[in-house]
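Everything below concerns the one structure shown next.
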Amino acid sequence: MASTALFRRVLALPPHLRRSVYSSTATHTGASQPDIYDVVCIGGGPVGLSFVSALRSHPSTSALRVALIDSQDLSTARTTKDTETYSNRCSSITPASLRFLKQIGAWEHAKRGRTQPYHAMDVWDGVSGSKIHFDSVDQQQTGLLDAVAEMIPGSRFQASRRKYQVEDVGVATMCENANTTSALLQRLHDLDEERLNERRVFDMLEKTRVESIDLGPESKDEKSLDLSQWPIVTTSHGKIAARLLVGADGANSPVRQFADIPSPGWDYNQHGVVATLHVDRHHTVQDLRTAYQRFLPTGPVALLPLPGNKASLVWSTTPQHAAKLKTLSPPDFTAAVNAAFRLMPVDISYMLSPTSTTTPTDELAWRETATPAASTGLPRNFPRIASVQEGSIASFPLRMRHADTYTGHRIALIGDAAHTIHPLAGQGLNLGLADAESLAKRIAYGVDHGMDVGSCWTLDGYNSDRWAKNNAVIGVVDKLSKVYGVGSGPVVWGRSAGVEVLERLGTLKGWMMGAAAGVK
């Protein structure tokens, strides 16, 4: 009778207290039992940290027992204090992603002096020279009046929008990944400090290696727990049982492999070469900045603004060209990057070919004088690359992968564990942050409605919300990569004609920018 009365009292408790009692009881039933958590997230990158921060920040999920596992020492994830040095691992954060980071209280901890918003982007075809210009005003154009104004040269309505609205919305904000990670870690630290007197419900298990993931044992008697359908994570520090196991553990995700979720795709036979560059112009914080991208048959090359006279390079090219670029001296690498934006594709290919007997510096010196800027589509305000930051040149293979589903029984995938994408649109991190936001919202909804956070009732909404959207973005980016990989023939004419038409349709450009920014 006493046990029955106690059981009824437990059932009468609010959901978050009921879970706390259950978790505490289950944790101490025996030494052989694994430590039980409501949510276990493997992966301490920006996506995993933002997901955990969202759970910890929301009143409905703040009482969940959560663990974050990462093999790295996350305390070292700090930006350098050297204002003249920038990491080559930067991301272009869209307005939707920025709103999410602000909503969970992380962005206020970012080092703003190391971030750089940009309000316009110039994109052009390296073969035909056809070009398109995106800016903040395009992003806000969605109505008939906007379309009419766009078609009228010198429209005063268009000018007034540009004058009074361009400062309100940017195309995106450049931020070092380490800066984002540091801000999220600081937010989690602050949340722990705010709830110092409450029962501890969050554990950051850094420097912890995941050794295996298996299903738990069946109950041996009425007193033991039946964990046969629960993921049990064996780490270098012990075993953990997860009511919900979240994989934010990258493209080779052990969580995805445990769930036996296929992730089909293909390699692009391209490598992404990244570096931090110095340009010949110094910008102040008040300047409106522009990003640039040129599509070459071997892959796109992008120059993305950083504070002052710094810029981030992302050059997708063949493995052979990437290998050659990494062997060049700093002056020759600088010359090769200038050539990538200023010379014809055939000149760039020769410059980086094994048969070239002269240095890129010498090749650029005479070839640039013989190449009119108008023939390459080079924007008039394009800066000149002055030098490359020492030790910042690196490369990585490019591939596309997309998991067949993002969820399984007590399993959810976010970020690169669910999808990898070509970097030409700068959407990789943004899709991952959108995953984290969506999954955190679904878990909060499940908690509010008394659902098991690891059940299909909670997780199916996340999969239906994110899979189709991500698939559409991945498909568009993949098709763009292939269309612009053609160097001659009717495909070049067709894509150039399409770009010229799109450049005149501000409303359509606005819709495209809104979709890419995650705000439409």
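Going by the structure tokens order, chains are called A, B, ..., each with residues numbered from 1, while ligands are numbered from 1 in the order shown.
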Report task. Using DSSP on the backbone coordinates, identify all residues within region 159-238 of chain A classified as strand (DSSP E); present the result as a list in words. Result ->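 Selecting the strand (DSSP E) positions of region 159-238 of chain A gives Ala172, Thr173, Met174, Cys175, Glu176, Phe202, Asp203, Met204, Leu205, Val210, Glu211, Ser212, Ile213, Asp214, Leu215, Pro231, Ile232, Val233, Thr234, Thr235 and Gly238 of chain A.
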Query raised in the report: Using only C-alpha atoms, which residues sit within 12 Å of Phe341 (chain A) once same-chain residues fewer than 6 positions away are excluded, as a ChimeraX atom specification?
Result: /A:122-127,129,292-296,300-303,313,315,334-335,347-348,364,368,371,373,375-379,382-385
Query raised in the report: If we count only C-alpha atoms, what is near Glu206 (chain A) at a cut-off of 6 Å, once residues fewer than 3 positions away on the same chain are taken out, given as a count of residues only?
Result: 4
Requested in this report: Report the residues of region 39-94 of chain A whose backbone DSSP state falls under alpha helix (DSSP H), written as number ranges by chain.
Outcome: A: 46-57
Query raised in the report: So which residues touch region 441-457 of chain A within 9 Å, counting only C-alpha atoms, skipping near sequence neighbours fewer than 2 positions away, as a list in words?
Result: Pro15, His16, Asp38, Val39, Ala54, Leu55, His58, Pro59, Ser60, Thr61, Ala242, Arg243, Leu244, Leu245, Thr407, Gly408, His409, Arg410, Ile411, Ala412, Ala436, Glu437, Ser438, Leu439, Leu459, Asp460, Gly461 and Tyr462 of chain A
Query raised in the report: Which residue, A:Val210, A:Leu502, A:Ala394, A:Ala259, has the smallest gap to Gln229 (chain A) when you use only C-alpha atoms?
Result: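 For Gln229 (chain A), the nearest of the given residues is A:Ala259.
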Query raised in the report: region 356-359 of chain A: which residues within 7 Å, counting only C-alpha atoms, same-chain residues fewer than 5 positions away excluded, as a ChimeraX atom specification?
Result: /A:332,350-351
**Report entry** Atomic separation - CA of Leu429 (chain A) relative to CA of Ser97 (chain A), Å
**Finding:** 8.8 Å
Query raised in the report: Restricting the calculation to only C-alpha atoms, which member of A:Lys220, A:His109, A:Arg256, A:His133 is positioned closest to Arg187 (chain A)?
Result: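 The answer is A:His109, which sits nearest to Arg187 (chain A).
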